[in-house]
>>> print(open('my_file-v1.cif').read())   # mmCIF, C-alpha atoms and all ligand atoms
data_target
loop_
_atom_site.group_PDB
_atom_site.id
_atom_site.type_symbol
_atom_site.label_atom_id
_atom_site.label_comp_id
_atom_site.auth_asym_id
_atom_site.auth_seq_id
_atom_site.Cartn_x
_atom_site.Cartn_y
_atom_site.Cartn_z
ATOM 1 C CA MET S 244 75.636 106.934 115.641
ATOM 2 C CA ASN S 245 78.679 108.347 113.877
ATOM 3 C CA GLU S 246 78.383 111.065 111.242
ATOM 4 C CA PRO S 247 77.947 109.728 107.710
ATOM 5 C CA VAL S 248 81.066 110.460 105.654
ATOM 6 C CA LEU S 249 79.349 109.442 102.430
ATOM 7 C CA GLU S 250 75.708 109.912 101.594
ATOM 8 C CA ALA S 251 73.504 109.265 98.599
ATOM 9 C CA VAL S 252 69.942 110.538 98.978
ATOM 10 C CA ASP S 253 67.195 109.551 96.495
ATOM 11 C CA VAL S 254 69.795 109.091 93.783
ATOM 12 C CA TYR S 255 68.852 108.222 90.221
ATOM 13 C CA ARG S 256 71.378 107.737 87.447
ATOM 14 C CA LEU S 257 70.018 107.441 83.944
ATOM 15 C CA TYR S 258 72.305 106.698 81.028
ATOM 16 C CA GLU S 259 70.830 108.087 77.805
ATOM 17 C CA GLN S 260 71.540 106.021 74.722
ATOM 18 C CA GLY S 261 69.860 107.619 71.712
ATOM 19 C CA LYS S 262 66.146 107.440 72.466
ATOM 20 C CA GLU S 263 66.615 104.846 75.162
ATOM 21 C CA ALA S 264 67.482 105.563 78.780
ATOM 22 C CA VAL S 265 68.930 102.939 81.112
ATOM 23 C CA ALA S 266 68.212 103.520 84.798
ATOM 24 C CA ALA S 267 71.464 102.275 86.338
ATOM 25 C CA LEU S 268 70.410 103.459 89.804
ATOM 26 C CA LYS S 269 66.868 103.973 91.035
ATOM 27 C CA ASP S 270 66.071 105.952 94.159
ATOM 28 C CA VAL S 271 69.143 104.884 96.099
ATOM 29 C CA THR S 272 69.510 106.238 99.624
ATOM 30 C CA PHE S 273 72.618 105.073 101.382
ATOM 31 C CA ARG S 274 74.913 106.249 104.162
ATOM 32 C CA VAL S 275 78.370 105.154 105.224
ATOM 33 C CA GLU S 276 79.466 106.005 108.754
ATOM 34 C CA ALA S 277 82.999 107.034 109.626
ATOM 35 C CA GLY S 278 85.320 104.224 110.666
ATOM 36 C CA THR S 279 83.310 101.378 109.165
ATOM 37 C CA PHE S 280 83.980 98.863 106.403
ATOM 38 C CA VAL S 281 80.954 98.502 104.138
ATOM 39 C CA ALA S 282 80.618 96.141 101.178
ATOM 40 C CA ILE S 283 78.154 96.518 98.328
ATOM 41 C CA THR S 284 77.479 93.377 96.420
ATOM 42 C CA GLY S 285 75.278 92.456 93.484
ATOM 43 C CA PRO S 286 75.426 90.879 90.050
ATOM 44 C CA SER S 287 77.086 92.322 86.976
ATOM 45 C CA GLY S 288 75.182 95.356 85.702
ATOM 46 C CA SER S 289 73.365 95.983 89.010
ATOM 47 C CA GLY S 290 74.852 99.485 89.306
ATOM 48 C CA LYS S 291 77.733 98.925 91.751
ATOM 49 C CA SER S 292 80.386 100.878 89.836
ATOM 50 C CA THR S 293 77.866 103.581 88.974
ATOM 51 C CA LEU S 294 77.144 104.079 92.684
ATOM 52 C CA LEU S 295 80.815 104.061 93.650
ATOM 53 C CA ASN S 296 81.693 106.601 90.948
ATOM 54 C CA LEU S 297 78.892 108.893 92.152
ATOM 55 C CA LEU S 298 80.048 108.623 95.761
ATOM 56 C CA ALA S 299 83.588 109.472 94.614
ATOM 57 C CA GLY S 300 82.404 112.581 92.783
ATOM 58 C CA LEU S 301 83.654 111.074 89.502
ATOM 59 C CA ASP S 302 80.115 111.285 88.109
ATOM 60 C CA VAL S 303 76.980 113.289 88.943
ATOM 61 C CA PRO S 304 73.496 111.871 89.593
ATOM 62 C CA SER S 305 70.585 112.547 87.225
ATOM 63 C CA SER S 306 68.607 113.474 90.333
ATOM 64 C CA GLY S 307 69.093 113.237 94.066
ATOM 65 C CA ALA S 308 72.006 114.342 96.204
ATOM 66 C CA VAL S 309 75.481 113.008 96.949
ATOM 67 C CA ARG S 310 77.389 114.334 99.943
ATOM 68 C CA ILE S 311 81.020 113.714 100.813
ATOM 69 C CA ALA S 312 81.847 114.679 104.400
ATOM 70 C CA GLY S 313 78.602 116.653 104.507
ATOM 71 C CA ARG S 314 79.372 118.690 101.350
ATOM 72 C CA ASP S 315 76.725 118.511 98.641
ATOM 73 C CA LEU S 316 78.555 117.779 95.395
ATOM 74 C CA ALA S 317 75.875 119.570 93.346
ATOM 75 C CA ALA S 318 76.940 122.817 95.012
ATOM 76 C CA LEU S 319 80.492 122.385 93.667
ATOM 77 C CA ASP S 320 81.836 122.808 90.138
ATOM 78 C CA GLU S 321 84.140 120.267 88.503
ATOM 79 C CA ARG S 322 87.186 121.851 90.134
ATOM 80 C CA GLY S 323 85.567 121.866 93.562
ATOM 81 C CA ARG S 324 84.654 118.211 93.166
ATOM 82 C CA THR S 325 88.210 117.371 92.131
ATOM 83 C CA LEU S 326 89.608 119.107 95.192
ATOM 84 C CA ILE S 327 87.280 117.387 97.658
ATOM 85 C CA ARG S 328 87.948 114.054 95.951
ATOM 86 C CA ARG S 329 91.719 114.486 96.170
ATOM 87 C CA GLU S 330 91.586 115.448 99.798
ATOM 88 C CA ARG S 331 88.947 113.046 101.044
ATOM 89 C CA ILE S 332 89.004 109.961 98.844
ATOM 90 C CA GLY S 333 91.392 107.222 97.874
ATOM 91 C CA PHE S 334 90.176 105.153 94.922
ATOM 92 C CA VAL S 335 91.295 101.579 94.185
ATOM 93 C CA PHE S 336 90.541 100.187 90.737
ATOM 94 C CA GLN S 337 90.100 96.643 89.462
ATOM 95 C CA PHE S 338 92.842 97.136 86.879
ATOM 96 C CA PHE S 339 95.253 98.884 89.284
ATOM 97 C CA ASN S 340 95.710 101.999 87.053
ATOM 98 C CA LEU S 341 99.384 102.311 87.939
ATOM 99 C CA VAL S 342 101.476 104.604 85.746
ATOM 100 C CA PRO S 343 103.723 102.151 83.829
ATOM 101 C CA THR S 344 106.625 104.572 83.334
ATOM 102 C CA LEU S 345 106.910 105.405 87.030
ATOM 103 C CA THR S 346 108.492 103.311 89.773
ATOM 104 C CA VAL S 347 106.486 101.917 92.685
ATOM 105 C CA ALA S 348 107.790 104.782 94.833
ATOM 106 C CA GLU S 349 106.822 107.390 92.241
ATOM 107 C CA ASN S 350 103.368 105.863 91.796
ATOM 108 C CA ILE S 351 102.752 105.844 95.539
ATOM 109 C CA GLY S 352 104.051 109.407 95.837
ATOM 110 C CA LEU S 353 101.652 110.838 93.216
ATOM 111 C CA PRO S 354 98.867 111.972 95.587
ATOM 112 C CA LEU S 355 101.449 113.699 97.813
ATOM 113 C CA ARG S 356 102.864 115.441 94.755
ATOM 114 C CA LEU S 357 99.361 116.609 93.804
ATOM 115 C CA ALA S 358 99.039 117.981 97.336
ATOM 116 C CA GLY S 359 102.206 120.044 96.784
ATOM 117 C CA VAL S 360 104.834 117.828 98.475
ATOM 118 C CA LYS S 361 108.115 118.332 96.546
ATOM 119 C CA ARG S 362 109.905 115.145 97.627
ATOM 120 C CA PRO S 363 107.211 112.597 98.480
ATOM 121 C CA GLU S 364 109.766 109.900 99.316
ATOM 122 C CA ASP S 365 111.058 112.005 102.217
ATOM 123 C CA ASP S 366 107.574 112.480 103.645
ATOM 124 C CA PRO S 367 106.884 110.475 106.825
ATOM 125 C CA ARG S 368 103.475 109.442 105.425
ATOM 126 C CA PHE S 369 105.243 107.818 102.477
ATOM 127 C CA THR S 370 107.648 105.877 104.692
ATOM 128 C CA ARG S 371 104.834 104.743 106.961
ATOM 129 C CA ILE S 372 102.638 103.484 104.162
ATOM 130 C CA VAL S 373 105.427 101.672 102.296
ATOM 131 C CA GLU S 374 106.260 99.808 105.486
ATOM 132 C CA PHE S 375 102.620 99.131 106.361
ATOM 133 C CA PHE S 376 102.014 97.570 102.950
ATOM 134 C CA GLY S 377 105.278 95.587 102.964
ATOM 135 C CA LEU S 378 106.566 97.312 99.824
ATOM 136 C CA SER S 379 110.006 98.462 101.018
ATOM 137 C CA LYS S 380 111.895 96.033 98.790
ATOM 138 C CA LEU S 381 109.845 96.919 95.693
ATOM 139 C CA VAL S 382 109.942 100.714 95.639
ATOM 140 C CA GLY S 383 112.515 100.903 92.825
ATOM 141 C CA ARG S 384 110.623 98.601 90.445
ATOM 142 C CA ARG S 385 108.268 99.542 87.664
ATOM 143 C CA PRO S 386 104.786 98.009 87.540
ATOM 144 C CA HIS S 387 105.638 95.436 84.828
ATOM 145 C CA MET S 388 108.097 93.855 87.288
ATOM 146 C CA LEU S 389 105.388 93.208 89.897
ATOM 147 C CA SER S 390 102.937 90.364 90.469
ATOM 148 C CA GLY S 391 99.221 91.207 90.358
ATOM 149 C CA GLY S 392 99.049 91.156 94.151
ATOM 150 C CA GLU S 393 102.031 93.498 94.429
ATOM 151 C CA MET S 394 100.473 95.832 91.869
ATOM 152 C CA GLN S 395 97.252 95.978 93.846
ATOM 153 C CA ARG S 396 99.141 96.561 97.124
ATOM 154 C CA THR S 397 100.975 99.420 95.389
ATOM 155 C CA SER S 398 97.705 100.798 94.106
ATOM 156 C CA ILE S 399 96.116 100.687 97.568
ATOM 157 C CA ALA S 400 99.225 102.291 99.085
ATOM 158 C CA ARG S 401 98.849 105.068 96.515
ATOM 159 C CA ALA S 402 95.143 105.410 97.353
ATOM 160 C CA VAL S 403 95.817 105.948 101.059
ATOM 161 C CA VAL S 404 99.271 107.597 101.260
ATOM 162 C CA HIS S 405 97.867 111.131 101.581
ATOM 163 C CA GLU S 406 95.699 109.825 104.428
ATOM 164 C CA PRO S 407 92.267 110.361 102.898
ATOM 165 C CA PRO S 408 89.572 109.443 105.407
ATOM 166 C CA ILE S 409 87.610 107.451 102.809
ATOM 167 C CA VAL S 410 88.794 104.565 100.618
ATOM 168 C CA LEU S 411 86.598 103.353 97.754
ATOM 169 C CA ALA S 412 87.534 100.077 96.091
ATOM 170 C CA ASP S 413 85.846 98.725 92.964
ATOM 171 C CA GLU S 414 86.408 94.948 92.657
ATOM 172 C CA PRO S 415 90.008 95.270 93.897
ATOM 173 C CA THR S 416 90.491 91.500 93.883
ATOM 174 C CA GLY S 417 88.893 90.912 90.468
ATOM 175 C CA ASN S 418 92.225 90.199 88.804
ATOM 176 C CA LEU S 419 94.037 88.497 91.671
ATOM 177 C CA SER S 420 94.574 84.940 92.824
ATOM 178 C CA THR S 421 92.654 83.841 95.918
ATOM 179 C CA SER S 422 95.622 84.325 98.232
ATOM 180 C CA ALA S 423 96.690 87.701 96.777
ATOM 181 C CA GLY S 424 93.042 88.754 97.023
ATOM 182 C CA ARG S 425 92.935 87.788 100.686
ATOM 183 C CA ASP S 426 96.060 89.878 101.367
ATOM 184 C CA VAL S 427 94.406 92.880 99.752
ATOM 185 C CA LEU S 428 91.216 92.450 101.790
ATOM 186 C CA GLU S 429 93.251 92.084 104.977
ATOM 187 C CA LEU S 430 95.032 95.349 104.179
ATOM 188 C CA LEU S 431 91.714 97.120 103.636
ATOM 189 C CA ARG S 432 90.453 95.624 106.921
ATOM 190 C CA ARG S 433 93.602 96.843 108.746
ATOM 191 C CA SER S 434 93.210 100.276 107.141
ATOM 192 C CA VAL S 435 89.903 100.530 109.029
ATOM 193 C CA ASP S 436 91.007 98.898 112.293
ATOM 194 C CA GLU S 437 94.502 100.359 112.613
ATOM 195 C CA LEU S 438 94.453 103.548 110.530
ATOM 196 C CA GLY S 439 90.872 104.606 111.262
ATOM 197 C CA ARG S 440 89.862 104.822 107.613
ATOM 198 C CA THR S 441 86.382 104.279 106.205
ATOM 199 C CA VAL S 442 86.234 101.675 103.440
ATOM 200 C CA LEU S 443 83.518 101.085 100.867
ATOM 201 C CA LEU S 444 84.150 97.946 98.844
ATOM 202 C CA VAL S 445 82.302 96.882 95.711
ATOM 203 C CA THR S 446 82.415 93.164 95.002
ATOM 204 C CA HIS S 447 80.338 90.360 93.569
ATOM 205 C CA ASN S 448 82.186 87.885 95.786
ATOM 206 C CA PRO S 449 80.678 86.864 99.175
ATOM 207 C CA ARG S 450 84.124 85.821 100.374
ATOM 208 C CA ASP S 451 85.378 89.396 99.931
ATOM 209 C CA ALA S 452 82.196 90.897 101.356
ATOM 210 C CA ALA S 453 82.709 88.849 104.550
ATOM 211 C CA PHE S 454 85.621 91.155 105.481
ATOM 212 C CA ALA S 455 83.197 94.078 105.895
ATOM 213 C CA ASP S 456 81.271 95.215 108.981
ATOM 214 C CA GLN S 457 78.143 95.633 106.925
ATOM 215 C CA VAL S 458 77.024 94.147 103.604
ATOM 216 C CA ARG S 459 74.422 95.735 101.318
ATOM 217 C CA PHE S 460 72.874 94.335 98.141
ATOM 218 C CA LEU S 461 72.179 96.021 94.807
ATOM 219 C CA LYS S 462 69.765 94.487 92.329
ATOM 220 C CA ASP S 463 68.806 96.075 88.997
ATOM 221 C CA GLY S 464 69.791 99.529 90.254
ATOM 222 C CA THR S 465 67.854 99.248 93.513
ATOM 223 C CA LEU S 466 69.559 99.060 96.896
ATOM 224 C CA LEU S 467 67.733 96.340 98.817
ATOM 225 C CA PRO S 468 66.738 97.056 102.434
ATOM 226 C CA GLU S 469 68.468 93.895 103.701
ATOM 227 C CA VAL S 470 71.648 94.470 105.706
ATOM 228 C CA VAL S 471 73.983 91.718 106.859
ATOM 229 C CA GLU S 472 76.196 92.815 109.710
ATOM 230 C CA GLY S 473 78.055 91.949 112.865
ATOM 231 C CA GLY S 474 78.307 88.267 113.683
ATOM 232 C CA ASP S 475 76.222 87.324 110.669
ATOM 233 C CA LYS S 476 78.743 88.417 108.139
ATOM 234 C CA ASP S 477 80.397 85.110 107.405
ATOM 235 C CA GLU S 478 80.732 84.084 103.804
ATOM 236 C CA SER S 479 78.052 81.390 103.743
ATOM 237 C CA ARG S 480 75.462 83.722 105.337
ATOM 238 C CA ILE S 481 76.169 86.345 102.696
ATOM 239 C CA ALA S 482 76.014 83.763 99.893
ATOM 240 C CA ASP S 483 72.695 82.481 101.331
ATOM 241 C CA ARG S 484 71.262 86.005 101.452
ATOM 242 C CA MET S 485 72.376 86.594 97.876
ATOM 243 C CA ALA S 486 70.621 83.400 96.770
ATOM 244 C CA VAL S 487 67.432 84.279 98.667
ATOM 245 C CA LEU S 488 67.463 87.773 97.170
ATOM 246 C CA GLY S 489 67.843 86.296 93.710
ATOM 247 C CA LEU S 490 71.323 87.734 93.191
HETATM 248 N N1 LIG S 501 78.590 104.951 80.430
HETATM 249 C C1 LIG S 501 77.486 104.193 80.327
HETATM 250 N N2 LIG S 501 76.581 104.405 79.342
HETATM 251 C C2 LIG S 501 75.465 103.654 79.248
HETATM 252 N N3 LIG S 501 75.135 102.681 80.101
HETATM 253 C C3 LIG S 501 75.997 102.428 81.111
HETATM 254 C C4 LIG S 501 77.218 103.153 81.274
HETATM 255 N N4 LIG S 501 77.865 102.670 82.361
HETATM 256 C C5 LIG S 501 77.092 101.675 82.845
HETATM 257 N N5 LIG S 501 75.970 101.533 82.103
HETATM 258 C C6 LIG S 501 74.864 100.583 82.355
HETATM 259 O O1 LIG S 501 74.394 100.805 83.678
HETATM 260 C C7 LIG S 501 74.127 99.573 84.338
HETATM 261 C C8 LIG S 501 74.972 99.467 85.608
HETATM 262 O O2 LIG S 501 76.360 99.387 85.257
HETATM 263 P P1 LIG S 501 77.527 99.283 86.335
HETATM 264 O O3 LIG S 501 78.803 99.401 85.614
HETATM 265 O O4 LIG S 501 77.270 100.257 87.436
HETATM 266 O O5 LIG S 501 77.299 97.795 86.895
HETATM 267 P P2 LIG S 501 78.194 96.920 87.900
HETATM 268 O O6 LIG S 501 77.275 96.434 88.969
HETATM 269 O O7 LIG S 501 79.378 97.689 88.326
HETATM 270 O O8 LIG S 501 78.604 95.677 86.989
HETATM 271 P P3 LIG S 501 79.981 94.790 86.986
HETATM 272 O O9 LIG S 501 79.853 93.840 88.149
HETATM 273 O O10 LIG S 501 79.902 94.066 85.678
HETATM 274 O O11 LIG S 501 81.138 95.710 87.088
HETATM 275 C C9 LIG S 501 74.394 98.479 83.300
HETATM 276 O O12 LIG S 501 73.184 98.172 82.688
HETATM 277 C C10 LIG S 501 75.347 99.139 82.323
HETATM 278 O O13 LIG S 501 75.200 98.594 81.027
HETATM 279 MG MG MG S 502 81.459 97.400 88.001
#
>>> encode(input="my_file-v1.cif", output="structure tokens")
Amino acid sequence: MNEPVLEAVDVYRLYEQGKEAVAALKDVTFRVEAGTFVAITGPSGSGKSTLLNLLAGLDVPSSGAVRIAGRDLAALDERGRTLIRRERIGFVFQFFNLVPTLTVAENIGLPLRLAGVKRPEDDPRFTRIVEFFGLSKLVGRRPHMLSGGEMQRTSIARAVVHEPPIVLADEPTGNLSTSAGRDVLELLRRSVDELGRTVLLVTHNPRDAAFADQVRFLKDGTLLPEVVEGGDKDESRIADRMAVLGL
């Protein structure tokens, strides 16, 4: 068994709202091994984004431990968490989060800039990723001149350009057409198979989840023990499991 690159152990996340507390995650224990593509699926409000944000170090659990590459996030301060996140994690958002005033090239170059690279566009990692994602012709454009699919490809290129070992994607196809969504999933799949990355995808869509090596299910903040993997991971199997699990 490979080392887990991401780990949540007995994680609870309570959101306090006045006198009321919502338990968004309850006792979640979950590991992602290096070099795998894992999908977490579940209905709206089941805690998917909460879990992804915790695993990215964007949020801290109410109790329990989160480890990125073996480092316990509770042992780090905000700055330490930021540094490990920058180095280890690429994050893909549903709404792309591109900087509208910057070109495609400048958006993609941002993580390299944060890592101290003065001219990101001259960096071999930049050239490689632009080619890999088929963005060579678009590098001079600003985001408003791109289709949704092109925006998401740009946003994934930005998430992986500094070669973080882990890519977290929260509903990356939520705002895309079926075919643009398939392109994005194929790129995430190739990032695992050809670039050796680890991908954790959050989706409510069994068609997207079918791209993963392993599918897990969240329901009302609880990670269900069921795992769909290997040859069983076709879309209809996943949809059937979701129906059986009441998702
Ligand atoms: N900042 C917050 N404050 C209070 N409650 C929150 C907060 N963020 C999320 N919640 C609640 O926690 C629960 C889980 O939310 P979460 O966003 O993780 O769900 P999700 O599975 O990602 O849903 P979706 O598919 O709609 O994105 C929900 O009940 C939600 O209302
Ligand atoms: Mg969500």
>>> atom_distance(input="my_file-v1.cif", atom1="atom CA of S:Val342", atom2="atom CA of S:Ala400")
13.7 Å
>>> residues_near_ligand(input="my_file-v1.cif", ligand="ligand MG 502 (chain S)", cutoff="12 Å", atoms="all atoms listed in the file", output="list of chain:residue names")
S:Ala267, S:Ile283, S:Thr284, S:Gly285, S:Pro286, S:Ser287, S:Gly288, S:Ser289, S:Gly290, S:Lys291, S:Ser292, S:Thr293, S:Leu294, S:Leu295, S:Asn296, S:Phe336, S:Gln337, S:Phe338, S:Ala412, S:Asp413, S:Glu414, S:Pro415, S:Gly417, S:Leu444, S:Val445, S:Thr446, S:His447, S:Leu461
>>> resolve_selection(input="my_file-v1.cif", expression="the PyMOL selection byres (((chain S and resi 402) around 9) and not hetatm)", output="PyMOL selection string")
chain S and resi 332-335+351+354+397-401+403-407+410-411
>>> atom_distance(input="my_file-v1.cif", atom1="atom CA of S:Arg371", atom2="atom CA of S:Leu355")
13.2 Å
>>> residues_around(input="my_file-v1.cif", residues="S:Glu469", least_positions_apart="6", cutoff="10 Å", atoms="only C-alpha atoms", output="mmCIF file with C-alpha atoms, keeping the file's coordinate frame")
data_model
loop_
_atom_site.group_PDB
_atom_site.id
_atom_site.type_symbol
_atom_site.label_atom_id
_atom_site.label_comp_id
_atom_site.auth_asym_id
_atom_site.auth_seq_id
_atom_site.Cartn_x
_atom_site.Cartn_y
_atom_site.Cartn_z
ATOM 1 C CA VAL S 458 77.024 94.147 103.604
ATOM 2 C CA ARG S 459 74.422 95.735 101.318
ATOM 3 C CA PHE S 460 72.874 94.335 98.141
ATOM 4 C CA LEU S 461 72.179 96.021 94.807
ATOM 5 C CA ARG S 484 71.262 86.005 101.452
ATOM 6 C CA LEU S 488 67.463 87.773 97.170
#
>>> resolve_selection(input="my_file-v1.cif", expression="the PyMOL selection byres (((chain S and resi 363) around 10) and not hetatm)", output="list of chain:residue names")
S:Ala348, S:Glu349, S:Ile351, S:Gly352, S:Leu353, S:Pro354, S:Leu355, S:Arg356, S:Leu357, S:Ala358, S:Gly359, S:Val360, S:Lys361, S:Arg362, S:Glu364, S:Asp365, S:Asp366, S:Pro367, S:Arg368, S:Phe369, S:Thr370, S:Val404, S:His405
>>> residues_around(input="my_file-v1.cif", residues="S:Glu478", least_positions_apart="5", cutoff="10 Å", atoms="all atoms listed in the file", output="ChimeraX atom specification")
/S:448-454,483-484
>>> build_atoms(input="my_file-v1.cif", residues="stretch 447-460 of chain S", atoms="N, CA, C and O atoms", output="mmCIF file, in the coordinates of the input")
data_model
loop_
_atom_site.group_PDB
_atom_site.id
_atom_site.type_symbol
_atom_site.label_atom_id
_atom_site.label_comp_id
_atom_site.auth_asym_id
_atom_site.auth_seq_id
_atom_site.Cartn_x
_atom_site.Cartn_y
_atom_site.Cartn_z
ATOM 1 N N HIS S 447 81.427 91.306 93.783
ATOM 2 C CA HIS S 447 80.338 90.360 93.569
ATOM 3 C C HIS S 447 80.627 89.069 94.334
ATOM 4 O O HIS S 447 79.915 88.086 94.214
ATOM 5 N N ASN S 448 81.684 89.092 95.148
ATOM 6 C CA ASN S 448 82.186 87.885 95.786
ATOM 7 C C ASN S 448 81.864 87.858 97.284
ATOM 8 O O ASN S 448 82.358 88.690 98.045
ATOM 9 N N PRO S 449 81.034 86.904 97.751
ATOM 10 C CA PRO S 449 80.678 86.864 99.175
ATOM 11 C C PRO S 449 81.884 86.672 100.089
ATOM 12 O O PRO S 449 81.887 87.133 101.230
ATOM 13 N N ARG S 450 82.922 86.027 99.552
ATOM 14 C CA ARG S 450 84.124 85.821 100.374
ATOM 15 C C ARG S 450 84.788 87.163 100.689
ATOM 16 O O ARG S 450 85.252 87.405 101.800
ATOM 17 N N ASP S 451 84.827 88.060 99.703
ATOM 18 C CA ASP S 451 85.378 89.396 99.931
ATOM 19 C C ASP S 451 84.467 90.214 100.844
ATOM 20 O O ASP S 451 84.930 90.918 101.751
ATOM 21 N N ALA S 452 83.157 90.101 100.585
ATOM 22 C CA ALA S 452 82.196 90.897 101.356
ATOM 23 C C ALA S 452 82.253 90.538 102.846
ATOM 24 O O ALA S 452 81.963 91.369 103.706
ATOM 25 N N ALA S 453 82.664 89.296 103.155
ATOM 26 C CA ALA S 453 82.709 88.849 104.550
ATOM 27 C C ALA S 453 83.743 89.614 105.379
ATOM 28 O O ALA S 453 83.707 89.573 106.609
ATOM 29 N N PHE S 454 84.644 90.347 104.743
ATOM 30 C CA PHE S 454 85.621 91.155 105.481
ATOM 31 C C PHE S 454 84.988 92.438 106.036
ATOM 32 O O PHE S 454 85.574 93.117 106.870
ATOM 33 N N ALA S 455 83.800 92.797 105.539
ATOM 34 C CA ALA S 455 83.197 94.078 105.895
ATOM 35 C C ALA S 455 82.407 93.996 107.200
ATOM 36 O O ALA S 455 82.040 92.918 107.665
ATOM 37 N N ASP S 456 82.133 95.153 107.800
ATOM 38 C CA ASP S 456 81.271 95.215 108.981
ATOM 39 C C ASP S 456 79.808 95.114 108.588
ATOM 40 O O ASP S 456 78.971 94.687 109.365
ATOM 41 N N GLN S 457 79.539 95.567 107.375
ATOM 42 C CA GLN S 457 78.143 95.633 106.925
ATOM 43 C C GLN S 457 78.094 95.332 105.428
ATOM 44 O O GLN S 457 78.936 95.825 104.682
ATOM 45 N N VAL S 458 77.139 94.496 105.020
ATOM 46 C CA VAL S 458 77.024 94.147 103.604
ATOM 47 C C VAL S 458 75.654 94.592 103.095
ATOM 48 O O VAL S 458 74.624 94.318 103.731
ATOM 49 N N ARG S 459 75.659 95.293 101.955
ATOM 50 C CA ARG S 459 74.422 95.735 101.318
ATOM 51 C C ARG S 459 74.329 95.118 99.925
ATOM 52 O O ARG S 459 75.346 94.739 99.344
ATOM 53 N N PHE S 460 73.105 95.042 99.402
ATOM 54 C CA PHE S 460 72.874 94.335 98.141
ATOM 55 C C PHE S 460 72.217 95.251 97.116
ATOM 56 O O PHE S 460 71.228 95.921 97.421
#
